[in-house]
$ cat data-v9.csv   # CSV, C-alpha atoms and all ligand atoms
chain,number,residue,atom,x,y,z
A,1,MET,CA,-32.1,40.2,-25.4
A,2,PRO,CA,-32.1,40.7,-21.6
A,3,ARG,CA,-35.2,39.9,-19.7
A,4,ILE,CA,-36.6,42.8,-17.7
A,5,LEU,CA,-39.0,42.2,-14.9
A,6,THR,CA,-40.8,44.3,-12.3
A,7,GLY,CA,-43.8,44.0,-10.0
A,8,ILE,CA,-46.3,46.5,-8.8
A,9,THR,CA,-48.0,45.9,-5.4
A,10,PRO,CA,-51.8,46.7,-5.5
A,11,SER,CA,-52.0,48.4,-2.2
A,12,GLY,CA,-53.4,51.8,-3.2
A,13,THR,CA,-54.2,54.2,-6.0
A,14,LEU,CA,-51.3,55.0,-8.2
A,15,HIS,CA,-49.9,58.6,-8.0
A,16,ILE,CA,-47.6,60.6,-10.3
A,17,GLY,CA,-44.6,59.5,-8.2
A,18,ASN,CA,-45.3,56.0,-9.2
A,19,TYR,CA,-45.8,57.1,-12.8
A,20,PHE,CA,-42.6,59.1,-13.3
A,21,GLY,CA,-40.5,56.8,-11.0
A,22,ALA,CA,-41.7,53.4,-12.1
A,23,MET,CA,-44.3,53.2,-14.7
A,24,ARG,CA,-43.0,55.5,-17.4
A,25,PRO,CA,-39.5,54.0,-17.3
A,26,ALA,CA,-40.9,50.5,-17.4
A,27,ILE,CA,-43.2,51.3,-20.4
A,28,GLU,CA,-40.2,52.9,-22.2
A,29,LEU,CA,-38.2,49.7,-21.7
A,30,GLN,CA,-40.9,47.4,-23.2
A,31,ALA,CA,-39.7,48.4,-26.7
A,32,GLY,CA,-36.1,47.3,-26.2
A,33,GLY,CA,-36.3,44.1,-24.3
A,34,ASP,CA,-38.1,41.1,-23.2
A,35,ALA,CA,-40.4,42.8,-20.6
A,36,TYR,CA,-42.3,40.9,-17.9
A,37,TYR,CA,-44.5,43.1,-15.7
A,38,PHE,CA,-46.8,41.7,-13.0
A,39,ILE,CA,-49.4,42.9,-10.4
A,40,ALA,CA,-47.9,41.7,-7.1
A,41,ASP,CA,-51.2,40.7,-5.5
A,42,TYR,CA,-49.6,38.1,-3.1
A,43,HIS,CA,-47.4,40.9,-1.9
A,44,SER,CA,-50.5,43.0,-1.0
A,45,MET,CA,-51.6,40.3,1.6
A,46,THR,CA,-49.5,41.9,4.3
A,47,ALA,CA,-50.8,45.4,3.5
A,48,ILE,CA,-54.5,44.8,2.9
A,49,THR,CA,-57.0,42.5,4.6
A,50,ASN,CA,-60.1,43.4,2.7
A,51,ALA,CA,-61.0,41.2,-0.3
A,52,GLN,CA,-63.0,43.8,-2.1
A,53,GLU,CA,-60.3,46.4,-1.7
A,54,ARG,CA,-57.6,43.9,-3.0
A,55,ARG,CA,-59.8,43.2,-6.1
A,56,GLY,CA,-60.4,46.9,-6.7
A,57,TYR,CA,-56.7,47.9,-6.5
A,58,THR,CA,-55.6,45.0,-8.7
A,59,GLN,CA,-58.2,45.9,-11.3
A,60,GLY,CA,-57.2,49.6,-11.0
A,61,ILE,CA,-53.6,48.9,-11.6
A,62,ALA,CA,-54.3,46.8,-14.6
A,63,LEU,CA,-56.4,49.6,-16.1
A,64,ASP,CA,-53.8,52.3,-15.1
A,65,TRP,CA,-50.8,50.4,-16.7
A,66,LEU,CA,-52.7,49.6,-19.9
A,67,ALA,CA,-54.1,53.1,-20.2
A,68,CYS,CA,-50.6,54.6,-19.7
A,69,GLY,CA,-49.1,52.7,-22.6
A,70,LEU,CA,-48.2,49.1,-21.5
A,71,ASP,CA,-48.6,47.2,-24.7
A,72,PRO,CA,-49.5,43.5,-24.2
A,73,ALA,CA,-48.1,42.8,-27.6
A,74,LYS,CA,-44.7,43.9,-26.4
A,75,ALA,CA,-44.7,43.1,-22.6
A,76,VAL,CA,-46.0,40.1,-20.7
A,77,PHE,CA,-48.5,41.5,-18.2
A,78,TRP,CA,-50.1,39.2,-15.6
A,79,ARG,CA,-51.4,38.8,-12.0
A,80,GLN,CA,-48.8,37.2,-9.8
A,81,SER,CA,-51.3,34.8,-8.2
A,82,ASP,CA,-52.3,33.4,-11.6
A,83,VAL,CA,-48.9,31.6,-11.5
A,84,PRO,CA,-48.9,30.1,-8.0
A,85,GLU,CA,-45.6,28.3,-8.6
A,86,VAL,CA,-44.0,31.4,-7.2
A,87,CYS,CA,-45.2,30.3,-3.7
A,88,GLU,CA,-43.7,26.8,-4.3
A,89,LEU,CA,-40.4,28.4,-5.2
A,90,THR,CA,-40.6,30.7,-2.2
A,91,TRP,CA,-40.4,27.6,0.0
A,92,LEU,CA,-37.5,26.1,-1.9
A,93,ILE,CA,-35.3,29.2,-1.7
A,94,GLY,CA,-36.6,30.2,1.8
A,95,SER,CA,-35.2,27.0,3.1
A,96,LEU,CA,-31.7,28.3,2.2
A,97,THR,CA,-32.2,31.9,3.3
A,98,PRO,CA,-30.5,32.7,6.6
A,99,MET,CA,-32.7,34.3,9.3
A,100,GLY,CA,-30.0,36.9,9.8
A,101,LEU,CA,-30.4,38.1,6.2
A,102,LEU,CA,-34.1,38.7,6.6
A,103,GLU,CA,-33.7,40.3,10.0
A,104,ARG,CA,-31.4,42.9,8.4
A,105,ALA,CA,-34.0,43.8,5.8
A,106,HIS,CA,-34.9,47.6,6.0
A,107,SER,CA,-38.5,47.0,5.0
A,108,PHE,CA,-39.0,44.6,7.9
A,109,LYS,CA,-37.0,46.8,10.4
A,110,ASP,CA,-38.9,50.0,9.3
A,111,LYS,CA,-42.3,48.4,9.7
A,112,THR,CA,-41.5,46.9,13.1
A,113,ALA,CA,-39.9,50.2,14.3
A,114,LYS,CA,-43.2,51.8,13.4
A,115,GLY,CA,-45.0,49.4,15.8
A,116,ILE,CA,-46.6,47.2,13.1
A,117,ALA,CA,-46.9,43.7,14.6
A,118,PRO,CA,-44.7,41.6,12.2
A,119,ASN,CA,-46.1,38.4,10.8
A,120,PHE,CA,-44.5,35.7,8.8
A,121,GLY,CA,-45.5,37.3,5.5
A,122,LEU,CA,-43.8,40.6,6.3
A,123,PHE,CA,-40.7,38.7,7.4
A,124,ALA,CA,-40.6,36.5,4.3
A,125,TYR,CA,-41.4,39.2,1.9
A,126,PRO,CA,-37.9,39.5,0.4
A,127,VAL,CA,-38.0,35.7,-0.3
A,128,LEU,CA,-41.2,36.0,-2.2
A,129,MET,CA,-39.7,38.9,-4.1
A,130,ALA,CA,-36.6,36.8,-4.9
A,131,ALA,CA,-38.9,34.0,-6.1
A,132,ASP,CA,-40.7,36.5,-8.4
A,133,ILE,CA,-37.4,37.4,-10.0
A,134,LEU,CA,-35.8,34.0,-10.2
A,135,LEU,CA,-38.8,32.1,-11.4
A,136,TYR,CA,-38.7,34.1,-14.7
A,137,ASP,CA,-34.9,33.9,-15.5
A,138,THR,CA,-34.7,37.6,-15.0
A,139,ASN,CA,-31.6,39.6,-16.1
A,140,ILE,CA,-32.6,43.1,-15.1
A,141,VAL,CA,-34.9,44.5,-12.4
A,142,PRO,CA,-35.5,48.2,-12.8
A,143,VAL,CA,-36.6,49.4,-9.4
A,144,GLY,CA,-36.0,52.5,-7.2
A,145,LYS,CA,-33.4,52.8,-4.5
A,146,ASP,CA,-35.8,51.6,-1.8
A,147,GLN,CA,-35.6,48.1,-3.4
A,148,LYS,CA,-31.8,47.9,-3.7
A,149,GLN,CA,-31.4,45.7,-0.6
A,150,HIS,CA,-34.1,43.2,-1.9
A,151,LEU,CA,-32.2,42.8,-5.1
A,152,GLU,CA,-28.9,42.1,-3.2
A,153,MET,CA,-30.8,39.5,-1.2
A,154,THR,CA,-32.1,37.9,-4.4
A,155,ARG,CA,-28.6,37.7,-5.8
A,156,ASP,CA,-27.3,36.1,-2.6
A,157,ILE,CA,-30.2,33.6,-2.5
A,158,ALA,CA,-29.7,32.7,-6.2
A,159,ILE,CA,-25.9,32.2,-5.8
A,160,LYS,CA,-26.4,30.1,-2.7
A,161,PHE,CA,-29.0,27.8,-4.4
A,162,ASN,CA,-26.7,27.5,-7.4
A,163,GLN,CA,-23.8,26.6,-5.2
A,164,THR,CA,-25.8,24.1,-3.2
A,165,TYR,CA,-27.8,22.3,-5.9
A,166,GLY,CA,-25.9,23.2,-9.1
A,167,ASP,CA,-26.6,25.9,-11.7
A,168,THR,CA,-30.4,26.6,-11.6
A,169,PHE,CA,-31.1,30.3,-11.5
A,170,VAL,CA,-30.0,33.3,-13.6
A,171,VAL,CA,-28.4,35.7,-11.2
A,172,PRO,CA,-30.0,39.1,-11.9
A,173,GLU,CA,-28.2,42.3,-12.4
A,174,GLU,CA,-29.0,45.4,-10.4
A,175,ARG,CA,-30.2,48.4,-12.3
A,176,ILE,CA,-31.0,50.9,-9.6
A,177,SER,CA,-31.8,54.3,-10.9
A,178,GLU,CA,-29.7,56.6,-8.7
A,179,THR,CA,-30.2,59.6,-10.9
A,180,LEU,CA,-34.0,59.6,-10.9
A,181,ALA,CA,-34.9,62.1,-8.2
A,182,ALA,CA,-37.8,61.2,-6.0
A,183,VAL,CA,-41.0,63.0,-7.1
A,184,PRO,CA,-41.9,65.3,-4.2
A,185,GLY,CA,-45.4,65.2,-2.8
A,186,LEU,CA,-47.8,68.1,-1.9
A,187,ASP,CA,-46.0,68.7,1.3
A,188,GLY,CA,-42.5,68.6,-0.2
A,189,GLN,CA,-41.6,65.1,1.2
A,190,LYS,CA,-41.2,62.2,-1.2
A,191,MET,CA,-44.7,61.5,-2.7
A,192,SER,CA,-46.0,58.4,-1.1
A,193,LYS,CA,-49.4,56.9,-0.4
A,194,SER,CA,-48.2,56.4,3.2
A,195,TYR,CA,-47.7,60.2,3.7
A,196,GLY,CA,-51.1,61.2,2.3
A,197,ASN,CA,-49.4,63.8,0.0
A,198,THR,CA,-50.2,62.3,-3.4
A,199,ILE,CA,-51.4,63.6,-6.7
A,200,GLU,CA,-53.2,60.7,-8.3
A,201,ILE,CA,-52.7,59.9,-11.9
A,202,PHE,CA,-56.4,59.4,-12.4
A,203,GLY,CA,-58.9,61.1,-10.1
A,204,ASP,CA,-61.7,63.5,-9.8
A,205,GLU,CA,-60.9,66.9,-11.5
A,206,LYS,CA,-62.4,69.0,-8.7
A,207,VAL,CA,-60.6,67.1,-5.9
A,208,LEU,CA,-57.3,67.3,-7.7
A,209,ARG,CA,-57.6,70.9,-8.6
A,210,LYS,CA,-58.3,71.6,-4.9
A,211,LYS,CA,-55.2,69.5,-3.9
A,212,ILE,CA,-52.9,71.4,-6.2
A,213,MET,CA,-54.3,74.8,-5.4
A,214,GLY,CA,-53.9,73.9,-1.7
A,215,ILE,CA,-50.1,73.5,-1.9
A,216,VAL,CA,-48.7,75.7,0.9
A,217,MET,CA,-46.0,78.2,-0.2
A,218,ASP,CA,-44.1,80.8,1.7
A,219,SER,CA,-45.5,84.3,2.5
A,220,ARG,CA,-43.3,86.3,0.0
A,221,THR,CA,-45.4,88.7,-2.1
A,222,PRO,CA,-45.9,88.1,-5.8
A,223,ALA,CA,-43.7,91.1,-6.7
A,224,GLU,CA,-40.7,89.9,-4.7
A,225,PRO,CA,-37.9,88.2,-6.7
A,226,LYS,CA,-37.3,84.6,-5.7
A,227,PRO,CA,-33.7,83.6,-6.3
A,228,ASP,CA,-34.5,80.0,-5.2
A,229,ALA,CA,-37.2,79.6,-7.8
A,230,GLU,CA,-35.8,76.2,-9.0
A,231,LYS,CA,-36.5,74.8,-5.5
A,232,ASN,CA,-40.2,75.8,-5.6
A,233,LEU,CA,-42.4,72.7,-5.3
A,234,ALA,CA,-44.8,73.7,-8.1
A,235,ILE,CA,-41.9,74.4,-10.4
A,236,GLN,CA,-40.4,71.0,-9.7
A,237,LEU,CA,-43.7,69.3,-10.5
A,238,LEU,CA,-44.3,71.5,-13.5
A,239,ARG,CA,-41.0,70.2,-14.9
A,240,LEU,CA,-42.5,66.8,-15.0
A,241,VAL,CA,-45.7,67.6,-16.8
A,242,ALA,CA,-45.0,70.7,-18.9
A,243,PRO,CA,-42.8,71.1,-22.0
A,244,LYS,CA,-39.3,72.1,-20.9
A,245,ASP,CA,-39.5,75.7,-22.3
A,246,VAL,CA,-42.8,76.3,-20.6
A,247,ALA,CA,-41.4,75.2,-17.2
A,248,THR,CA,-38.3,77.2,-17.7
A,249,ASP,CA,-40.3,80.3,-18.5
A,250,PHE,CA,-42.4,79.9,-15.3
A,251,GLU,CA,-39.2,79.4,-13.3
A,252,ASN,CA,-37.6,82.6,-14.8
A,253,ARG,CA,-40.8,84.6,-14.1
A,254,LEU,CA,-40.9,83.4,-10.5
A,255,ARG,CA,-37.2,84.2,-10.1
A,256,ALA,CA,-37.6,87.7,-11.5
A,257,GLY,CA,-40.7,88.5,-9.4
A,258,GLY,CA,-44.2,89.3,-10.6
A,259,LEU,CA,-45.6,85.8,-10.8
A,260,GLY,CA,-48.0,85.0,-8.0
A,261,TYR,CA,-48.2,81.5,-6.5
A,262,GLY,CA,-51.9,81.2,-7.3
A,263,ASP,CA,-51.2,81.6,-11.1
A,264,LEU,CA,-48.3,79.2,-10.9
A,265,LYS,CA,-50.4,76.5,-9.2
A,266,LYS,CA,-53.2,77.1,-11.7
A,267,ALA,CA,-50.7,76.5,-14.5
A,268,LEU,CA,-49.4,73.4,-12.8
A,269,PHE,CA,-52.9,72.0,-12.5
A,270,GLU,CA,-53.7,72.7,-16.2
A,271,HIS,CA,-50.4,71.0,-17.4
A,272,TYR,CA,-50.9,68.1,-15.1
A,273,TRP,CA,-54.5,67.6,-16.3
A,274,ASN,CA,-53.5,67.9,-19.9
A,275,TYR,CA,-50.5,65.6,-19.6
A,276,PHE,CA,-52.8,62.7,-18.5
A,277,ALA,CA,-55.7,63.6,-20.7
A,278,PRO,CA,-55.1,61.0,-23.5
A,279,TYR,CA,-54.5,58.3,-20.9
A,280,ARG,CA,-57.8,59.3,-19.2
A,281,VAL,CA,-59.6,58.7,-22.5
A,282,LYS,CA,-57.9,55.3,-23.0
A,283,ARG,CA,-58.7,54.3,-19.4
A,284,ALA,CA,-62.4,55.1,-19.8
A,285,GLU,CA,-62.4,52.9,-23.0
A,286,LEU,CA,-60.8,50.1,-21.0
A,287,VAL,CA,-63.3,50.4,-18.1
A,288,ALA,CA,-66.1,49.9,-20.6
A,289,ASN,CA,-64.2,46.8,-21.9
A,290,SER,CA,-63.4,44.9,-18.8
A,291,ASP,CA,-63.4,41.5,-20.7
A,292,TYR,CA,-60.5,42.8,-22.7
A,293,VAL,CA,-58.5,43.6,-19.6
A,294,GLU,CA,-59.2,40.2,-18.1
A,295,LYS,CA,-58.1,38.6,-21.4
A,296,VAL,CA,-54.8,40.5,-21.4
A,297,LEU,CA,-54.1,39.3,-17.8
A,298,LYS,CA,-55.0,35.7,-18.6
A,299,ASP,CA,-52.9,35.6,-21.8
A,300,GLY,CA,-50.1,37.2,-19.8
A,301,ALA,CA,-50.4,34.5,-17.1
A,302,GLU,CA,-50.2,31.8,-19.8
A,303,ARG,CA,-47.0,33.2,-21.2
A,304,ALA,CA,-45.5,33.7,-17.8
A,305,GLN,CA,-46.5,30.2,-16.8
A,306,ALA,CA,-44.6,28.7,-19.7
A,307,VAL,CA,-41.4,30.2,-18.4
A,308,ALA,CA,-42.2,29.5,-14.8
A,309,SER,CA,-42.9,25.8,-15.3
A,310,LYS,CA,-39.5,25.3,-16.9
A,311,THR,CA,-37.6,27.0,-14.1
A,312,MET,CA,-39.6,25.2,-11.5
A,313,ALA,CA,-39.0,21.8,-13.1
A,314,ARG,CA,-35.2,22.6,-13.1
A,315,ALA,CA,-35.3,23.7,-9.4
A,316,LEU,CA,-37.3,20.6,-8.3
A,317,GLN,CA,-35.0,18.3,-10.2
A,318,HIS,CA,-31.8,19.9,-8.9
A,319,CYS,CA,-32.8,19.7,-5.3
A,320,GLY,CA,-34.1,16.2,-5.5
A,321,LEU,CA,-37.8,16.8,-5.2
A,322,ARG,CA,-38.2,15.1,-8.6
B,1,LIG,P1,-45.7,54.4,-2.2
B,1,LIG,O1,-44.5,55.1,-1.6
B,1,LIG,O2,-46.7,55.3,-2.6
B,1,LIG,O3,-46.2,53.3,-1.3
B,1,LIG,P2,-44.6,52.2,-3.7
B,1,LIG,O4,-43.6,51.9,-2.6
B,1,LIG,O5,-45.7,51.2,-3.8
B,1,LIG,O6,-45.2,53.7,-3.5
B,1,LIG,O7,-43.8,52.4,-5.0
B,1,LIG,C1,-44.1,51.7,-6.2
B,1,LIG,C2,-43.0,52.1,-7.2
B,1,LIG,O8,-43.1,53.6,-7.5
B,1,LIG,C3,-41.6,51.9,-6.8
B,1,LIG,O9,-40.8,51.5,-7.9
B,1,LIG,C4,-41.1,53.2,-6.3
B,1,LIG,O10,-39.7,53.4,-6.4
B,1,LIG,C5,-41.8,54.2,-7.2
B,1,LIG,N1,-42.1,55.4,-6.5
B,1,LIG,C6,-43.0,55.6,-5.4
B,1,LIG,N2,-43.0,56.9,-5.0
B,1,LIG,C7,-42.1,57.6,-5.8
B,1,LIG,C8,-41.7,58.9,-5.8
B,1,LIG,N3,-42.2,59.8,-5.0
B,1,LIG,N4,-40.8,59.3,-6.8
B,1,LIG,C9,-40.3,58.4,-7.6
B,1,LIG,N5,-40.6,57.1,-7.6
B,1,LIG,C10,-41.6,56.6,-6.7
B,2,LIG,N1,-41.5,45.0,-3.6
B,2,LIG,C1,-41.8,45.8,-4.8
B,2,LIG,C2,-42.3,47.2,-4.3
B,2,LIG,O1,-42.7,47.4,-3.1
B,2,LIG,C3,-42.8,45.2,-5.7
B,2,LIG,C4,-42.3,43.9,-6.2
B,2,LIG,C5,-42.7,42.7,-5.8
B,2,LIG,C6,-41.2,43.7,-7.1
B,2,LIG,N2,-42.0,41.7,-6.5
B,2,LIG,C7,-41.1,42.3,-7.3
B,2,LIG,C8,-40.4,44.6,-7.9
B,2,LIG,C9,-40.1,41.7,-8.2
B,2,LIG,C10,-39.5,44.0,-8.7
B,2,LIG,C11,-39.3,42.6,-8.9
B,2,LIG,O2,-42.3,48.2,-5.1
$ encode --input "data-v9.csv" --output "structure tokens"
Amino acid sequence: MPRILTGITPSGTLHIGNYFGAMRPAIELQAGGDAYYFIADYHSMTAITNAQERRGYTQGIALDWLACGLDPAKAVFWRQSDVPEVCELTWLIGSLTPMGLLERAHSFKDKTAKGIAPNFGLFAYPVLMAADILLYDTNIVPVGKDQKQHLEMTRDIAIKFNQTYGDTFVVPEERISETLAAVPGLDGQKMSKSYGNTIEIFGDEKVLRKKIMGIVMDSRTPAEPKPDAEKNLAIQLLRLVAPKDVATDFENRLRAGGLGYGDLKKALFEHYWNYFAPYRVKRAELVANSDYVEKVLKDGAERAQAVASKTMARALQHCGLR
């Protein structure tokens, strides 16, 4: 059975782009494989410098994933920093990682181009990510296109280590979902917490209704036919949260003319709110049971640790540290 691994950085509140782009596919995969999912709290160090905030986002992500269907009986779910060997491995593989490779990383180039003062953590981030993947003998890493380069780097690093010190790491396969369209945000750009255009998975009803009702549309009258109905932002979002026939019906009515944007947005809000209703109930139960959540993460860390210590022992032995 192939081992599947992915990480989620706790640097904000999760939105429906994260849900449809990353969470739902990962949760679907837990049934068919050997799934390892972790909260990448070490990775949040370069994004957040407030301790309370880090704890809050980490706890929030644990609740969100468990509420949305991550099953700890099927998937190993843990907090990255509970298995600190990943930092030790970062040093081992970082010592074989060329500067040039890291200098070419888009994530690093984008951040510095935006004027963010780079630090060692930002520069070394792909090495920590490679360590995340290699430490757990990962076969498949399901991530979005934005992470493609990091996976290529991980493969390069694994191959170089294996060539230098003998067979140590499983070289992971790429599984980039090219087909999965990016979920658009409230302004039509890709939904992202950095663009402030998100619809949160869990949030206050009034605030979210206001956000959705505030989506800006064009000035065509309700009666006018809209031949480009499939491109309408509310229709695209409705496709994610409403049954197929319902979304198609709205699209046809918009195309024919006679459906106002206000009514369309109202329907979008209702379907969105209903889609996540069962998860909201589950999340409230989990909030009331924080000991359980902590226990899930601790158990997960133990299971992850069992794999990590074997890989680490192998790596230390092969490079002569033991
Ligand atoms: P953000 O852009 O909000 O900072 P992240 O970069 O933390 O989101 O993304 C976490 C995961 O969610 C990644 O696997 C990413 O591919 C996925 N993801 C984020 N935004 C979207 C989106 N708009 N559509 C589809 N997937 C997304
Ligand atoms: N860098 C990933 C992101 O920004 C999160 C991540 C950290 C990750 N380590 C990982 C993803 C290992 C897959 C495998 O989304």
$ residues_near_ligand --input "data-v9.csv" --ligand "ligand LIG 2 (chain B)" --cutoff "9 Å" --atoms "all atoms listed in the file" --output "PyMOL selection string"
chain A and resi 5-9+22+37-43+80+125-126+128-133+141-144+146-147+150-151
$ atom_distance --input "data-v9.csv" --atom1 "atom CA of Gly188 of chain A" --atom2 "atom CA of Gly17 of chain A"
12.3 Å
$ closest_residue --input "data-v9.csv" --among "A:Ala247, A:Ala73, A:Ile176, A:Leu102" --to "Pro25 of chain A" --atoms "only C-alpha atoms"
A:Ile176
$ residues_around --input "data-v9.csv" --residues "segment 58-70 of chain A" --least-positions-apart "2" --cutoff "7 Å" --atoms "only C-alpha atoms" --output "VMD selection string"
chain A and resid 10 27 39 41 54 to 56 72 279 282 to 283 286
$ closest_residue --input "data-v9.csv" --among "A:Tyr292, A:Tyr195, A:Phe169, A:Phe276" --to "ligand LIG 1 (chain B)" --atoms "all atoms listed in the file"
A:Tyr195
$ closest_residue --input "data-v9.csv" --among "A:Arg155, A:Arg104, A:Arg3, A:Lys190" --to "ligand LIG 1 (chain B)" --atoms "all atoms listed in the file"
A:Lys190
$ closest_residue --input "data-v9.csv" --among "A:Pro84, A:Gly94, A:Gly185, A:Gly100" --to "ligand LIG 1 (chain B)" --atoms "all atoms listed in the file"
A:Gly185
$ residues_near_point --input "data-v9.csv" --point "(-36.8, 85.4, -9.2)" --cutoff "10 Å" --atoms "all atoms listed in the file" --output "list of chain:residue names"
A:Ala223, A:Glu224, A:Pro225, A:Lys226, A:Pro227, A:Asp228, A:Ala229, A:Glu230, A:Phe250, A:Glu251, A:Asn252, A:Arg253, A:Leu254, A:Arg255, A:Ala256, A:Gly257, A:Gly258, A:Leu259
$ write_last_selection --input "data-v9.csv" --atoms "C-alpha atoms" --output "compact mmCIF listing (two decimals), in the frame of the given file"
# COMPACT_ATOMS: atom_id res chain seq x y z
CA ALA A 223 -43.70 91.10 -6.70
CA GLU A 224 -40.70 89.90 -4.70
CA PRO A 225 -37.90 88.20 -6.70
CA LYS A 226 -37.30 84.60 -5.70
CA PRO A 227 -33.70 83.60 -6.30
CA ASP A 228 -34.50 80.00 -5.20
CA ALA A 229 -37.20 79.60 -7.80
CA GLU A 230 -35.80 76.20 -9.00
CA PHE A 250 -42.40 79.90 -15.30
CA GLU A 251 -39.20 79.40 -13.30
CA ASN A 252 -37.60 82.60 -14.80
CA ARG A 253 -40.80 84.60 -14.10
CA LEU A 254 -40.90 83.40 -10.50
CA ARG A 255 -37.20 84.20 -10.10
CA ALA A 256 -37.60 87.70 -11.50
CA GLY A 257 -40.70 88.50 -9.40
CA GLY A 258 -44.20 89.30 -10.60
CA LEU A 259 -45.60 85.80 -10.80
$ atom_distance --input "data-v9.csv" --atom1 "atom CA of Gln52 of chain A" --atom2 "atom CA of Ser290 of chain A"
16.7 Å
$ residues_around --input "data-v9.csv" --residues "Arg314 of chain A" --least-positions-apart "5" --cutoff "12 Å" --atoms "all atoms listed in the file" --output "list in words"
Leu89, Leu92, Leu134, Leu135, Asp137, Phe161, Asn162, Tyr165, Gly166, Asp167, Thr168, Phe169, Val170, Val307, Ala308, Ser309, Cys319, Gly320, Leu321 and Arg322 of chain A
$ residues_around --input "data-v9.csv" --residues "Ile116 of chain A" --least-positions-apart "5" --cutoff "12 Å" --atoms "all atoms listed in the file" --output "list in words"
Thr46, Ala47, Ser107, Phe108, Lys109, Asp110, Lys111, Leu122 and Phe123 of chain A
$ closest_residue --input "data-v9.csv" --among "A:Asn18, A:Ser11, A:Thr138, A:Ser95" --to "ligand LIG 1 (chain B)" --atoms "all atoms listed in the file"
A:Asn18
$ atom_distance --input "data-v9.csv" --atom1 "atom CA of Arg24 of chain A" --atom2 "atom CA of Asp71 of chain A"
12.4 Å
$ closest_residue --input "data-v9.csv" --among "A:Lys74, A:Lys193, A:His106, A:Lys114" --to "ligand LIG 1 (chain B)" --atoms "all atoms listed in the file"
A:Lys193
$ decode --input "data-v9.csv" --residues "segment 289-303 of chain A" --atoms "N, CA and C atoms" --output "PDB file, in the first residue's frame"
ATOM      1  N   ASN A 289     -14.725  18.927  23.625  1.00  0.00           N
ATOM      2  CA  ASN A 289     -14.007  17.715  24.014  1.00  0.00           C
ATOM      3  C   ASN A 289     -12.525  17.839  23.624  1.00  0.00           C
ATOM      4  N   SER A 290     -11.898  18.899  24.116  1.00  0.00           N
ATOM      5  CA  SER A 290     -10.536  19.203  23.656  1.00  0.00           C
ATOM      6  C   SER A 290      -9.528  18.139  24.104  1.00  0.00           C
ATOM      7  N   ASP A 291      -9.843  17.408  25.187  1.00  0.00           N
ATOM      8  CA  ASP A 291      -8.936  16.332  25.615  1.00  0.00           C
ATOM      9  C   ASP A 291      -8.835  15.267  24.530  1.00  0.00           C
ATOM     10  N   TYR A 292      -9.974  15.006  23.884  1.00  0.00           N
ATOM     11  CA  TYR A 292      -9.984  13.997  22.823  1.00  0.00           C
ATOM     12  C   TYR A 292      -9.071  14.425  21.670  1.00  0.00           C
ATOM     13  N   VAL A 293      -9.181  15.691  21.287  1.00  0.00           N
ATOM     14  CA  VAL A 293      -8.371  16.205  20.168  1.00  0.00           C
ATOM     15  C   VAL A 293      -6.885  16.080  20.510  1.00  0.00           C
ATOM     16  N   GLU A 294      -6.538  16.456  21.718  1.00  0.00           N
ATOM     17  CA  GLU A 294      -5.145  16.375  22.152  1.00  0.00           C
ATOM     18  C   GLU A 294      -4.678  14.914  22.133  1.00  0.00           C
ATOM     19  N   LYS A 295      -5.557  14.010  22.530  1.00  0.00           N
ATOM     20  CA  LYS A 295      -5.202  12.589  22.556  1.00  0.00           C
ATOM     21  C   LYS A 295      -4.969  12.057  21.136  1.00  0.00           C
ATOM     22  N   VAL A 296      -5.812  12.497  20.209  1.00  0.00           N
ATOM     23  CA  VAL A 296      -5.637  12.082  18.803  1.00  0.00           C
ATOM     24  C   VAL A 296      -4.253  12.509  18.314  1.00  0.00           C
ATOM     25  N   LEU A 297      -3.877  13.765  18.600  1.00  0.00           N
ATOM     26  CA  LEU A 297      -2.583  14.267  18.123  1.00  0.00           C
ATOM     27  C   LEU A 297      -1.418  13.553  18.800  1.00  0.00           C
ATOM     28  N   LYS A 298      -1.573  13.239  20.066  1.00  0.00           N
ATOM     29  CA  LYS A 298      -0.500  12.535  20.789  1.00  0.00           C
ATOM     30  C   LYS A 298      -0.339  11.097  20.269  1.00  0.00           C
ATOM     31  N   ASP A 299      -1.461  10.433  20.068  1.00  0.00           N
ATOM     32  CA  ASP A 299      -1.407   9.065  19.507  1.00  0.00           C
ATOM     33  C   ASP A 299      -0.781   9.092  18.135  1.00  0.00           C
ATOM     34  N   GLY A 300      -1.189  10.083  17.334  1.00  0.00           N
ATOM     35  CA  GLY A 300      -0.648  10.223  15.980  1.00  0.00           C
ATOM     36  C   GLY A 300       0.856  10.427  16.030  1.00  0.00           C
ATOM     37  N   ALA A 301       1.292  11.285  16.956  1.00  0.00           N
ATOM     38  CA  ALA A 301       2.729  11.568  17.080  1.00  0.00           C
ATOM     39  C   ALA A 301       3.497  10.292  17.422  1.00  0.00           C
ATOM     40  N   GLU A 302       2.907   9.455  18.274  1.00  0.00           N
ATOM     41  CA  GLU A 302       3.581   8.197  18.632  1.00  0.00           C
ATOM     42  C   GLU A 302       3.738   7.284  17.427  1.00  0.00           C
ATOM     43  N   ARG A 303       2.678   7.204  16.651  1.00  0.00           N
ATOM     44  CA  ARG A 303       2.742   6.339  15.455  1.00  0.00           C
ATOM     45  C   ARG A 303       3.718   6.901  14.434  1.00  0.00           C
TER      46      ARG A 303
END
